[in-house]
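Each remark here refers to the structure printed beneath this line.
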Amino acid sequence: MGKTNQSKGKGKKFNLIALILVLVIILIGSSVYYLSNLGNPLDKDNTQIVAVSIPPGSGTKNIGQILQDNKIISNANHFKLLSKLQGNDGKYKAGEYSLSPAMTIEQIMEIIISGESNISRFTIPEGLTVKQTAEKLAAKNLINKDSFISEIQSGTFDYKFMSLLPNNENRLEGFLYPETYDIYTTASEHEIINKMLAQFNKLVLDEYYTRAAEMGYDMYKIITIASLIERETLVSSEKATVASVIYNRLAINMPLQIDATVQYALPEHKDRLDYNDLQVDSPYNTYQNTGLPPGPICSPSIDSIKAALYPESTNYYYYVLSAENNGTHKFSNTYEEFLKNKKSYINSL
């Protein structure tokens, strides 16, 4: 009887040990499975590249949160845990990085540890022509200028405004939106142009196309007018007033007489136009031709585009730089008043 109880006791002890072992194995297996999947991509099918900025002094926790906020990883705590397990705390470097939700956390960690940014940043100011934009990008060794111009003239881009553009070398003039951009250092000319066109497409809303149609214009002509406003104004608050002058002159078939259009027609930029320049034989010469020039003369800002769409209602037909020499203009209804304002400006120099 005693032996039987002893055997039963040993059997229960064995079963308990076996159960503990099974639980340990399950726990270890679960931990291994969890850790092995901890670094999986957020979305292995989403190869979209996101430019992520890691500021100086960012710790592992902050970096994980930045990655989560940019939808590169699913959970900042996963990044923090894996960083600790792999001894990467303190190794990450500030910089600009191109990352993707299709990357594993290990791949992301390696890139940020390397500190080698594969992003270049460039800024295109408002009011540049396509030619000037190409020169600026070429100077930063981001493009081959000839390839860029060729892509401007004949590249294929999928935006609704493309159907409005002329089939000539100036077709994208006005549509390379002026902005600061982050791109891959390996980006092609096509990719750079497409990024700028995409920004234009993002900012120029459907309601603006509707507004243009209500005014009797298409978006190409609106951008043409906006480009004139861009080149004629230094003070943003005057854009809608300058727009009113342009529309007022167009309404009575009065030449626009905008120097910037003549500049566009000349082979080289001149700081000051003379009488001979104003005689240049070109459809862009708004001293000799009435109506709008054939197309935009530069890339306008969204403020200039809005001014072209929503001009002030005035009776102004003239403007000239003011005697204050602060970039503002004096606007007038009559030629006599214009001459008076012009004289004041000249005397102020």
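Residues are named by chain letter and number: chains run A, B, ... in the order of the structure tokens, numbers start at 1 in each chain, and ligands are numbered from 1 in the order shown.
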Spatial neighbours of A:Pro166, 12 Å, only C-alpha atoms, chain gap at least 6 places, as a short mmCIF file (atom, residue, chain, number, x, y, z; two decimals) with N, CA, C and O atoms, in the first residue's frame:
data_model
loop_
_atom_site.label_atom_id
_atom_site.label_comp_id
_atom_site.auth_asym_id
_atom_site.auth_seq_id
_atom_site.Cartn_x
_atom_site.Cartn_y
_atom_site.Cartn_z
N GLN A 153 10.71 68.66 -72.88
CA GLN A 153 10.08 68.82 -74.19
C GLN A 153 9.26 67.60 -74.61
O GLN A 153 8.23 67.76 -75.27
N SER A 154 9.69 66.40 -74.21
CA SER A 154 9.02 65.22 -74.76
C SER A 154 8.70 64.12 -73.75
O SER A 154 8.17 63.08 -74.13
N LEU A 172 6.20 72.97 -70.57
CA LEU A 172 6.12 72.87 -69.11
C LEU A 172 6.49 74.17 -68.39
O LEU A 172 6.53 74.20 -67.16
N GLU A 173 6.74 75.23 -69.17
CA GLU A 173 7.04 76.51 -68.55
C GLU A 173 5.87 76.92 -67.65
O GLU A 173 4.71 76.92 -68.06
N TYR A 220 -4.09 76.90 -68.32
CA TYR A 220 -2.84 77.32 -68.97
C TYR A 220 -2.77 78.85 -69.03
O TYR A 220 -1.72 79.44 -68.74
N LYS A 221 -3.88 79.50 -69.38
CA LYS A 221 -3.89 80.97 -69.45
C LYS A 221 -3.82 81.59 -68.06
O LYS A 221 -3.20 82.64 -67.88
N PRO A 294 2.16 84.08 -75.48
CA PRO A 294 1.76 82.71 -75.83
C PRO A 294 1.68 81.73 -74.67
O PRO A 294 0.96 80.74 -74.74
N GLY A 295 2.41 82.01 -73.61
CA GLY A 295 2.42 81.09 -72.46
C GLY A 295 3.11 81.73 -71.28
O GLY A 295 3.55 82.88 -71.32
N PRO A 296 3.24 80.98 -70.18
CA PRO A 296 3.91 81.48 -68.97
C PRO A 296 5.36 81.87 -69.25
O PRO A 296 6.00 81.33 -70.16
#
Which residues in stretch 65-280 of chain A does DSSP call strand (DSSP E)? List them as a ChimeraX atom specification. /A:95-99,119-123,180-184
Could you pull the residues within 8 Å of stretch 230-246 of chain A, counting only C-alpha atoms, minus those fewer than 6 positions along the same chain, as a PyMOL selection string? chain A and resi 126-127+256+258+260+298+300-301+303-304+307-308+310-319+327-329
File dump, residues just selected, N, CA and C atoms, as a PDB file, in the first residue's frame:
ATOM      1  N   GLU A 126      10.538  81.066 -56.566  1.00  0.00           N
ATOM      2  CA  GLU A 126       9.493  81.537 -57.460  1.00  0.00           C
ATOM      3  C   GLU A 126      10.102  82.410 -58.557  1.00  0.00           C
ATOM      4  N   GLY A 127       9.506  82.351 -59.732  1.00  0.00           N
ATOM      5  CA  GLY A 127       9.896  83.262 -60.798  1.00  0.00           C
ATOM      6  C   GLY A 127      11.000  82.787 -61.714  1.00  0.00           C
ATOM      7  N   LEU A 256      -0.257  95.048 -72.640  1.00  0.00           N
ATOM      8  CA  LEU A 256       0.106  94.877 -71.229  1.00  0.00           C
ATOM      9  C   LEU A 256       1.379  95.632 -70.877  1.00  0.00           C
ATOM     10  N   ILE A 258       4.524  94.762 -70.284  1.00  0.00           N
ATOM     11  CA  ILE A 258       5.230  94.184 -69.139  1.00  0.00           C
ATOM     12  C   ILE A 258       6.662  93.846 -69.545  1.00  0.00           C
ATOM     13  N   ALA A 260       8.935  92.124 -68.179  1.00  0.00           N
ATOM     14  CA  ALA A 260       9.384  90.744 -67.973  1.00  0.00           C
ATOM     15  C   ALA A 260       9.098  89.853 -69.180  1.00  0.00           C
ATOM     16  N   CYS A 298       7.493  82.136 -66.434  1.00  0.00           N
ATOM     17  CA  CYS A 298       8.241  81.646 -65.267  1.00  0.00           C
ATOM     18  C   CYS A 298       7.316  80.736 -64.469  1.00  0.00           C
ATOM     19  N   PRO A 300       5.184  80.410 -61.322  1.00  0.00           N
ATOM     20  CA  PRO A 300       4.605  81.260 -60.283  1.00  0.00           C
ATOM     21  C   PRO A 300       4.323  80.505 -58.991  1.00  0.00           C
ATOM     22  N   SER A 301       4.229  81.250 -57.906  1.00  0.00           N
ATOM     23  CA  SER A 301       3.848  80.683 -56.614  1.00  0.00           C
ATOM     24  C   SER A 301       2.341  80.491 -56.556  1.00  0.00           C
ATOM     25  N   ASP A 303       0.440  81.822 -54.435  1.00  0.00           N
ATOM     26  CA  ASP A 303      -0.152  83.135 -54.155  1.00  0.00           C
ATOM     27  C   ASP A 303      -0.421  83.893 -55.449  1.00  0.00           C
ATOM     28  N   SER A 304       0.488  83.791 -56.399  1.00  0.00           N
ATOM     29  CA  SER A 304       0.281  84.461 -57.687  1.00  0.00           C
ATOM     30  C   SER A 304      -0.834  83.788 -58.475  1.00  0.00           C
ATOM     31  N   ALA A 307      -4.022  84.967 -57.039  1.00  0.00           N
ATOM     32  CA  ALA A 307      -4.275  86.346 -57.447  1.00  0.00           C
ATOM     33  C   ALA A 307      -4.838  86.400 -58.866  1.00  0.00           C
ATOM     34  N   ALA A 308      -4.326  85.522 -59.736  1.00  0.00           N
ATOM     35  CA  ALA A 308      -4.828  85.461 -61.109  1.00  0.00           C
ATOM     36  C   ALA A 308      -6.281  84.979 -61.144  1.00  0.00           C
ATOM     37  N   TYR A 310      -8.437  85.261 -58.451  1.00  0.00           N
ATOM     38  CA  TYR A 310      -9.289  86.117 -57.630  1.00  0.00           C
ATOM     39  C   TYR A 310      -8.696  87.533 -57.559  1.00  0.00           C
ATOM     40  N   PRO A 311      -8.699  88.245 -58.692  1.00  0.00           N
ATOM     41  CA  PRO A 311      -8.123  89.599 -58.711  1.00  0.00           C
ATOM     42  C   PRO A 311      -8.999  90.593 -57.952  1.00  0.00           C
ATOM     43  N   GLU A 312      -8.395  91.693 -57.552  1.00  0.00           N
ATOM     44  CA  GLU A 312      -9.177  92.782 -56.980  1.00  0.00           C
ATOM     45  C   GLU A 312     -10.021  93.434 -58.072  1.00  0.00           C
ATOM     46  N   SER A 313     -11.066  94.090 -57.662  1.00  0.00           N
ATOM     47  CA  SER A 313     -11.877  94.866 -58.594  1.00  0.00           C
ATOM     48  C   SER A 313     -11.444  96.327 -58.473  1.00  0.00           C
ATOM     49  N   THR A 314     -10.733  96.844 -59.470  1.00  0.00           N
ATOM     50  CA  THR A 314     -10.243  98.228 -59.441  1.00  0.00           C
ATOM     51  C   THR A 314     -10.472  98.878 -60.802  1.00  0.00           C
ATOM     52  N   ASN A 315     -10.169 100.153 -60.858  1.00  0.00           N
ATOM     53  CA  ASN A 315     -10.198 100.867 -62.142  1.00  0.00           C
ATOM     54  C   ASN A 315      -8.788 101.274 -62.560  1.00  0.00           C
ATOM     55  N   TYR A 316      -7.787 100.537 -62.034  1.00  0.00           N
ATOM     56  CA  TYR A 316      -6.389 100.855 -62.350  1.00  0.00           C
ATOM     57  C   TYR A 316      -5.986 100.290 -63.718  1.00  0.00           C
ATOM     58  N   TYR A 317      -5.172 101.101 -64.425  1.00  0.00           N
ATOM     59  CA  TYR A 317      -4.599 100.648 -65.698  1.00  0.00           C
ATOM     60  C   TYR A 317      -3.072 100.792 -65.712  1.00  0.00           C
ATOM     61  N   TYR A 318      -2.538 101.410 -64.669  1.00  0.00           N
ATOM     62  CA  TYR A 318      -1.099 101.691 -64.622  1.00  0.00           C
ATOM     63  C   TYR A 318      -0.554 101.428 -63.216  1.00  0.00           C
ATOM     64  N   TYR A 319       0.719 101.104 -63.175  1.00  0.00           N
ATOM     65  CA  TYR A 319       1.420 101.053 -61.891  1.00  0.00           C
ATOM     66  C   TYR A 319       2.906 101.271 -62.153  1.00  0.00           C
ATOM     67  N   GLY A 327       9.844  98.267 -52.785  1.00  0.00           N
ATOM     68  CA  GLY A 327       9.272  97.203 -53.603  1.00  0.00           C
ATOM     69  C   GLY A 327       7.788  97.352 -53.878  1.00  0.00           C
ATOM     70  N   THR A 328       7.141  98.329 -53.245  1.00  0.00           N
ATOM     71  CA  THR A 328       5.718  98.545 -53.483  1.00  0.00           C
ATOM     72  C   THR A 328       5.508  99.382 -54.737  1.00  0.00           C
ATOM     73  N   HIS A 329       4.249  99.437 -55.189  1.00  0.00           N
ATOM     74  CA  HIS A 329       3.905 100.191 -56.399  1.00  0.00           C
ATOM     75  C   HIS A 329       2.888 101.285 -56.088  1.00  0.00           C
TER      76      HIS A 329
END
Give the answer as one residue: which of A:Ser114, A:Asn325, A:Gln263, A:Gln257 has the shortest atom-to-atom distance to A:Asn289, using only C-alpha atoms? A:Gln257
As a ChimeraX atom specification, please: all residues of stretch 50-207 of chain A that backbone DSSP puts in helix (DSSP H, G or I). /A:60-69,76-85,105-114,130-139,145-154,160-164,189-203,206-207
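Closest approach to A:Asn253 among A:Pro178, A:Pro125, A:Gly291, A:Pro55: A:Gly291, based on only C-alpha atoms.
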A:His269 surroundings by only C-alpha atoms, 12 Å radius, close-in-sequence under 2 positions cut, as a PyMOL selection string: chain A and resi 128-129+131-132+259-267+271-273+277
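Between atom CA of A:Leu67 and atom CA of A:Ser188 the separation is 26.5 Å.
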Per-residue nearest contacts of stretch 156-248 of chain A to stretch 45-51 of chain A (12 Å; only C-alpha atoms) as a Markdown table:
| residue | atom | partner | partner_atom | distance |
| --- | --- | --- | --- | --- |
| A:Tyr181 | CA | A:Ala51 | CA | 10.0 |
| A:Asp182 | CA | A:Ala51 | CA | 7.0 |
| A:Ile183 | CA | A:Ala51 | CA | 8.1 |
| A:Tyr184 | CA | A:Ala51 | CA | 9.0 |
Shortest interatomic distance to A:Ile113 - which of A:Ile152, A:Ala138, A:His78, A:Ile63, counting only C-alpha atoms: A:Ile63
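Every protein or nucleic acid residue with an atom no more than 9 Å from A:Ile302, counting only C-alpha atoms and leaving out same-chain residues fewer than 6 positions away, appears here: Tyr177, Phe200, Leu203, Val204 and Ala226 of chain A.
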